[in-house]
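Source file: structure30.txt (compact mmCIF, C-alpha atoms)
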```txt
# COMPACT_ATOMS: atom_id res chain seq x y z
CA MET A 1 1.41 1.37 -23.04
CA THR A 2 -0.82 0.22 -20.18
CA MET A 3 0.54 -1.00 -16.85
CA THR A 4 -1.55 -2.69 -14.19
CA PHE A 5 -0.68 -2.26 -10.53
CA TYR A 6 -2.16 -4.27 -7.68
CA LEU A 7 -1.60 -2.28 -4.48
CA VAL A 8 -1.75 -4.70 -1.55
CA ARG A 9 -1.76 -3.67 2.07
CA HIS A 10 0.38 -5.96 4.23
CA ALA A 11 -1.27 -8.75 6.23
CA LEU A 12 -2.38 -8.45 9.86
CA LYS A 13 0.64 -7.53 11.99
CA GLU A 14 1.65 -8.07 15.59
CA LYS A 15 0.44 -5.28 17.88
CA ALA A 16 3.76 -4.00 19.16
CA ILE A 17 6.23 -1.19 18.66
CA GLY A 18 8.85 -1.30 15.93
CA ASP A 19 9.30 -3.36 12.78
CA VAL A 20 6.91 -6.17 13.65
CA PRO A 21 6.08 -9.41 11.77
CA ILE A 22 2.68 -10.60 10.59
CA THR A 23 0.56 -12.83 12.82
CA ALA A 24 -0.59 -16.41 12.22
CA ASN A 25 -3.88 -15.04 10.87
CA GLY A 26 -1.85 -12.63 8.79
CA ARG A 27 -0.02 -15.54 7.16
CA ILE A 28 -3.38 -17.02 6.20
CA GLN A 29 -4.42 -13.67 4.72
CA ALA A 30 -1.18 -13.49 2.75
CA GLU A 31 -1.67 -17.00 1.36
CA LEU A 32 -5.26 -16.24 0.28
CA THR A 33 -4.09 -13.03 -1.37
CA ALA A 34 -1.29 -14.89 -3.12
CA ARG A 35 -3.75 -17.45 -4.50
CA ARG A 36 -5.97 -14.72 -5.91
CA LEU A 37 -3.07 -12.90 -7.53
CA ALA A 38 -1.71 -16.16 -8.96
CA GLN A 39 -4.78 -16.13 -11.22
CA MET A 40 -3.29 -13.08 -12.98
CA PRO A 41 -0.09 -12.96 -15.07
CA ILE A 42 2.05 -11.19 -12.46
CA THR A 43 5.36 -9.83 -13.75
CA ALA A 44 7.00 -8.87 -10.46
CA VAL A 45 6.37 -8.09 -6.79
CA VAL A 46 7.74 -4.94 -5.14
CA ALA A 47 7.58 -4.51 -1.37
CA SER A 48 8.09 -2.01 1.42
CA PRO A 49 11.20 -2.77 3.51
CA LEU A 50 9.15 -3.10 6.70
CA ARG A 51 8.92 -6.71 7.86
CA ARG A 52 5.12 -6.99 7.71
CA ALA A 53 5.15 -6.01 4.05
CA ARG A 54 8.14 -8.16 3.14
CA GLU A 55 6.60 -11.25 4.72
CA THR A 56 3.34 -10.65 2.85
CA ALA A 57 5.22 -10.08 -0.39
CA GLU A 58 7.28 -13.25 0.04
CA ALA A 59 4.10 -15.34 0.13
CA ILE A 60 2.81 -13.61 -3.01
CA SER A 61 6.13 -13.97 -4.83
CA LEU A 62 6.36 -17.67 -4.01
CA THR A 63 2.84 -18.49 -5.19
CA THR A 64 2.90 -16.33 -8.32
CA ASN A 65 6.46 -17.33 -9.29
CA ALA A 66 7.25 -13.62 -9.71
CA SER A 67 10.50 -11.96 -8.71
CA LEU A 68 10.54 -9.95 -5.48
CA ARG A 69 12.38 -6.71 -4.77
CA VAL A 70 12.26 -4.14 -1.99
CA ASP A 71 11.95 -0.39 -2.52
CA ARG A 72 12.23 2.16 0.30
CA ARG A 73 9.71 4.43 -1.41
CA LEU A 74 7.03 1.96 -0.26
CA ARG A 75 7.68 2.44 3.45
CA GLU A 76 4.86 3.86 5.55
CA ARG A 77 4.59 7.61 6.11
CA ALA A 78 5.82 6.93 9.67
CA ASN A 79 6.11 3.84 11.86
CA TRP A 80 5.55 3.63 15.59
CA GLY A 81 8.99 3.23 17.10
CA ASP A 82 10.85 5.46 14.64
CA LEU A 83 10.84 8.30 17.18
CA PRO A 84 12.50 7.17 20.45
CA GLY A 85 10.27 7.47 23.49
CA GLN A 86 7.11 8.19 21.51
CA THR A 87 4.03 6.63 23.09
CA PHE A 88 1.37 5.00 20.96
CA GLU A 89 -1.05 7.80 21.81
CA GLU A 90 1.51 10.39 20.67
CA PHE A 91 2.08 8.42 17.47
CA VAL A 92 -1.66 8.32 16.71
CA ALA A 93 -1.97 12.06 17.32
CA MET A 94 0.94 12.71 14.97
CA TRP A 95 -0.55 10.37 12.38
CA ASN A 96 -3.96 12.03 12.53
CA ARG A 97 -2.46 15.48 12.13
CA CYS A 98 -0.56 14.32 9.03
CA THR A 99 -3.78 12.92 7.58
CA GLN A 100 -5.73 16.12 8.24
CA GLU A 101 -2.89 18.41 7.13
CA PRO A 102 -1.19 16.77 4.10
CA ASP A 103 1.65 19.33 4.03
CA TYR A 104 2.52 18.91 7.72
CA ILE A 105 5.99 17.35 8.14
CA PRO A 106 6.10 15.38 11.41
CA PRO A 107 9.16 15.06 13.72
CA VAL A 108 9.88 11.69 12.09
CA GLY A 109 8.82 10.36 8.70
CA ASP A 110 7.15 12.22 5.85
CA SER A 111 4.12 14.39 5.33
CA ALA A 112 1.16 12.71 3.66
CA LYS A 113 1.93 14.67 0.50
CA GLN A 114 5.57 13.57 0.48
CA ALA A 115 4.50 9.96 1.01
CA ALA A 116 2.07 10.19 -1.90
CA GLU A 117 4.79 11.61 -4.12
CA ARG A 118 7.09 8.71 -3.19
CA LEU A 119 4.56 6.12 -4.31
CA ALA A 120 3.70 8.03 -7.48
CA SER A 121 7.38 8.27 -8.44
CA LEU A 122 7.86 4.53 -7.91
CA LEU A 123 4.84 3.59 -10.01
CA GLN A 124 5.98 5.89 -12.81
CA ASP A 125 9.49 4.45 -12.70
CA LEU A 126 8.16 0.88 -12.77
CA SER A 127 6.04 1.74 -15.81
CA LYS A 128 9.23 2.68 -17.66
CA GLU A 129 11.26 -0.28 -16.41
CA TYR A 130 8.91 -3.16 -17.20
CA PRO A 131 7.49 -4.22 -20.58
CA GLU A 132 4.20 -2.93 -21.94
CA ASP A 133 1.11 -4.55 -20.40
CA SER A 134 3.00 -5.84 -17.34
CA SER A 135 1.11 -6.49 -14.11
CA LEU A 136 2.96 -5.63 -10.91
CA VAL A 137 2.06 -6.32 -7.29
CA VAL A 138 3.06 -3.52 -4.91
CA VAL A 139 2.96 -4.57 -1.24
CA THR A 140 2.87 -1.56 1.03
CA HIS A 141 0.83 0.11 3.79
CA GLY A 142 -2.74 1.34 4.06
CA GLY A 143 -1.72 4.90 4.85
CA LEU A 144 0.57 5.13 1.85
CA ILE A 145 -2.13 3.79 -0.47
CA THR A 146 -4.68 6.38 0.61
CA ASP A 147 -2.07 9.16 0.75
CA PHE A 148 -1.42 8.46 -2.92
CA LEU A 149 -5.07 8.14 -3.92
CA VAL A 150 -6.18 11.44 -2.38
CA GLN A 151 -3.39 13.21 -4.27
CA ALA A 152 -3.87 11.36 -7.59
CA PHE A 153 -7.67 11.48 -7.84
CA THR A 154 -10.42 14.02 -7.27
CA ASP A 155 -12.89 13.76 -4.42
CA GLN A 156 -15.60 13.03 -6.97
CA GLU A 157 -13.64 10.07 -8.32
CA LEU A 158 -12.86 8.73 -4.86
CA ASN A 159 -16.35 9.17 -3.46
CA VAL A 160 -17.56 6.60 -5.97
CA TRP A 161 -15.80 4.06 -3.75
CA HIS A 162 -16.78 5.61 -0.42
CA PRO A 163 -19.06 8.63 0.15
CA HIS A 164 -16.64 10.23 2.64
CA PHE A 165 -13.36 8.95 1.26
CA ARG A 166 -11.03 11.78 2.26
CA SER A 167 -12.29 12.21 5.83
CA GLN A 168 -12.38 8.46 6.54
CA GLN A 169 -9.35 7.38 4.52
CA SER A 170 -7.50 5.92 7.53
CA GLU A 171 -10.21 3.29 8.01
CA LEU A 172 -10.79 2.20 4.42
CA VAL A 173 -7.90 -0.09 3.48
CA ALA A 174 -8.09 -3.45 5.25
CA GLU A 175 -5.16 -5.81 5.69
CA CYS A 176 -4.39 -7.73 2.49
CA SER A 177 -6.99 -5.78 0.50
CA ILE A 178 -6.22 -5.30 -3.19
CA THR A 179 -6.52 -1.96 -4.98
CA LYS A 180 -6.19 -2.18 -8.76
CA LEU A 181 -4.82 0.70 -10.83
CA THR A 182 -3.93 1.12 -14.47
CA TYR A 183 -1.42 3.61 -15.81
CA LYS A 184 -1.45 4.75 -19.42
CA GLY A 185 -0.20 7.90 -21.09
CA GLY A 186 0.77 9.46 -17.79
CA THR A 187 -2.70 8.95 -16.27
CA PHE A 188 -3.79 6.64 -13.47
CA GLN A 189 -7.22 5.02 -13.43
CA LEU A 190 -8.69 3.44 -10.31
CA ILE A 191 -10.27 0.12 -11.33
CA ASP A 192 -11.00 -1.47 -7.95
CA PHE A 193 -10.50 -0.24 -4.40
CA ALA A 194 -9.56 -2.20 -1.29
CA SER A 195 -11.19 -5.45 -2.38
CA THR A 196 -11.27 -8.20 0.28
CA SER A 197 -13.50 -10.72 -1.49
CA HIS A 198 -10.55 -13.16 -1.78
CA LEU A 199 -10.26 -13.30 2.01
CA THR A 200 -13.76 -14.71 2.54
CA THR A 201 -13.77 -17.51 -0.02
```
For this file, produce the structure as structure tokens.
Amino acid sequence: MTMTFYLVRHALKEKAIGDVPITANGRIQAELTARRLAQMPITAVVASPLRRARETAEAISLTTNASLRVDRRLRERANWGDLPGQTFEEFVAMWNRCTQEPDYIPPVGDSAKQAAERLASLLQDLSKEYPEDSSLVVVTHGGLITDFLVQAFTDQELNVWHPHFRSQQSELVAECSITKLTYKGGTFQLIDFASTSHLTT
């Protein structure tokens, strides 16, 4: 049984604290992403509960005529505003430490390793829930995508896509990029990483 997952980072968001929406340009990105994914036989769309991901997923669901559901396992490792009084600079420092030390559990949110395990468990559960050869769109966050990839694949496998993948992971997943995975026999295969070609056509 082979499942195909399209991991989509949410569209461009407002630059503010808390659970922010996507911008006008973000809505354009979401529509372009939806049009690309509508060319595939999408079975369902699953989204992070954060507003920027839900709004992106709604556009994809509408255009692909696929059902939409929300799963908390797709939330970001941490979100600015979750810790009262935390400045943006403090949030970035916390984020960077989590990236550099995958086992470090921050004052709010999850470690990078815990976040990766969340996404892996969801993908495995979806592979059992949906029919063989289904294609699912998973709308989430750039940090969660790379957290998962650095746990699921070797450096050698990841460096095919970028020569310094692990050290530069926080900069590699653009808004509304599409990362394609397959899952068969308990093994993930990375087919395409952070593609943005649909955003320039």
Closest pair table for region 21-131 of chain A residues within 12 Å of region 161-169 of chain A, only C-alpha atoms, as a tab-separated table:
```
residue	atom	partner	partner_atom	distance
A:Asn96	CA	A:Ser167	CA	10.7
A:Thr99	CA	A:Gln169	CA	8.4
A:Gln100	CA	A:Ser167	CA	8.0
A:Glu101	CA	A:Ser167	CA	11.3
A:Pro102	CA	A:Arg166	CA	11.2
A:Ala112	CA	A:Gln169	CA	11.8
```
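Coordinates place CA of Phe188 (chain A) at a distance of 13.6 Å from CA of Glu117 (chain A).
The space separating CA of Glu14 (chain A) from CA of Gly26 (chain A) comes to 8.9 Å.
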Inset, instruction - Grab the CA of Met3 (chain A) to CA of Glu129 (chain A) distance for me, in Å with one decimal place. - result: 10.8 Å
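For Ala120 (chain A), the list of residues within 9 Å, based on only C-alpha atoms and with local chain neighbours fewer than 5 positions off taken out, reads Ala115, Asp125, Phe148 and Ala152 of chain A.
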Within 12 Å of file point (-11.3, 6.8, -5.5), counting only C-alpha atoms, expressed as an mmCIF file with C-alpha atoms, in the coordinates of the input:
```cif
data_model
loop_
_atom_site.group_PDB
_atom_site.id
_atom_site.type_symbol
_atom_site.label_atom_id
_atom_site.label_comp_id
_atom_site.auth_asym_id
_atom_site.auth_seq_id
_atom_site.Cartn_x
_atom_site.Cartn_y
_atom_site.Cartn_z
ATOM 1 C CA ILE A 145 -2.130 3.790 -0.470
ATOM 2 C CA THR A 146 -4.680 6.380 0.610
ATOM 3 C CA ASP A 147 -2.070 9.160 0.750
ATOM 4 C CA PHE A 148 -1.420 8.460 -2.920
ATOM 5 C CA LEU A 149 -5.070 8.140 -3.920
ATOM 6 C CA VAL A 150 -6.180 11.440 -2.380
ATOM 7 C CA GLN A 151 -3.390 13.210 -4.270
ATOM 8 C CA ALA A 152 -3.870 11.360 -7.590
ATOM 9 C CA PHE A 153 -7.670 11.480 -7.840
ATOM 10 C CA THR A 154 -10.420 14.020 -7.270
ATOM 11 C CA ASP A 155 -12.890 13.760 -4.420
ATOM 12 C CA GLN A 156 -15.600 13.030 -6.970
ATOM 13 C CA GLU A 157 -13.640 10.070 -8.320
ATOM 14 C CA LEU A 158 -12.860 8.730 -4.860
ATOM 15 C CA ASN A 159 -16.350 9.170 -3.460
ATOM 16 C CA VAL A 160 -17.560 6.600 -5.970
ATOM 17 C CA TRP A 161 -15.800 4.060 -3.750
ATOM 18 C CA HIS A 162 -16.780 5.610 -0.420
ATOM 19 C CA PRO A 163 -19.060 8.630 0.150
ATOM 20 C CA HIS A 164 -16.640 10.230 2.640
ATOM 21 C CA PHE A 165 -13.360 8.950 1.260
ATOM 22 C CA ARG A 166 -11.030 11.780 2.260
ATOM 23 C CA GLN A 169 -9.350 7.380 4.520
ATOM 24 C CA LEU A 172 -10.790 2.200 4.420
ATOM 25 C CA VAL A 173 -7.900 -0.090 3.480
ATOM 26 C CA THR A 179 -6.520 -1.960 -4.980
ATOM 27 C CA LYS A 180 -6.190 -2.180 -8.760
ATOM 28 C CA LEU A 181 -4.820 0.700 -10.830
ATOM 29 C CA PHE A 188 -3.790 6.640 -13.470
ATOM 30 C CA GLN A 189 -7.220 5.020 -13.430
ATOM 31 C CA LEU A 190 -8.690 3.440 -10.310
ATOM 32 C CA ILE A 191 -10.270 0.120 -11.330
ATOM 33 C CA ASP A 192 -11.000 -1.470 -7.950
ATOM 34 C CA PHE A 193 -10.500 -0.240 -4.400
ATOM 35 C CA ALA A 194 -9.560 -2.200 -1.290
#
```
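With distances restricted to all atoms listed in the file, A:Cys176 is the closest residue to Ala30 (chain A) from A:Ile17, A:Cys176, A:Leu74, A:Leu83.
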Using only C-alpha atoms, which residues of region 121-170 of chain A come within 10 Å of region 57-65 of chain A, and what is the closest atom pair for each, with the distance in Å to one decimal? Give it as a tab-separated table, sorted by chain and residue number.
```
residue	atom	partner	partner_atom	distance
A:Val137	CA	A:Ala57	CA	8.5
A:Val138	CA	A:Ala57	CA	8.3
A:Val139	CA	A:Ala57	CA	6.0
A:Thr140	CA	A:Ala57	CA	9.0
```
Legend entry - Residues within 9 Å of Ala78 (chain A), only C-alpha atoms, excluding chain neighbours under 4 positions, as a list of chain:residue names: A:Asp82, A:Phe91, A:Trp95, A:Pro106, A:Val108, A:Gly109, A:Asp110, A:Ser111
Inset, instruction - Counting only C-alpha atoms, note down every residue that has an atom within 12 Å of the point (6.6, -3.4, -9.2) (file coordinates), as an MDAnalysis selection string. - result: chainID A and resid 3:8 42:48 57 61 66:71 73:74 119:131 134:140
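With distances restricted to all atoms listed in the file, A:Arg36 is the closest residue to Ser197 (chain A) from A:His10, A:Lys184, A:Arg36, A:Arg52.
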As JSON: centre and edge lengths in Å, one decimal, of the axis-aligned box holding region 86-95 of chain A with 5 Å per side:
```
{"center_x": 2.6, "center_y": 8.9, "center_z": 17.7, "size_x": 19.1, "size_y": 17.7, "size_z": 20.7}
```
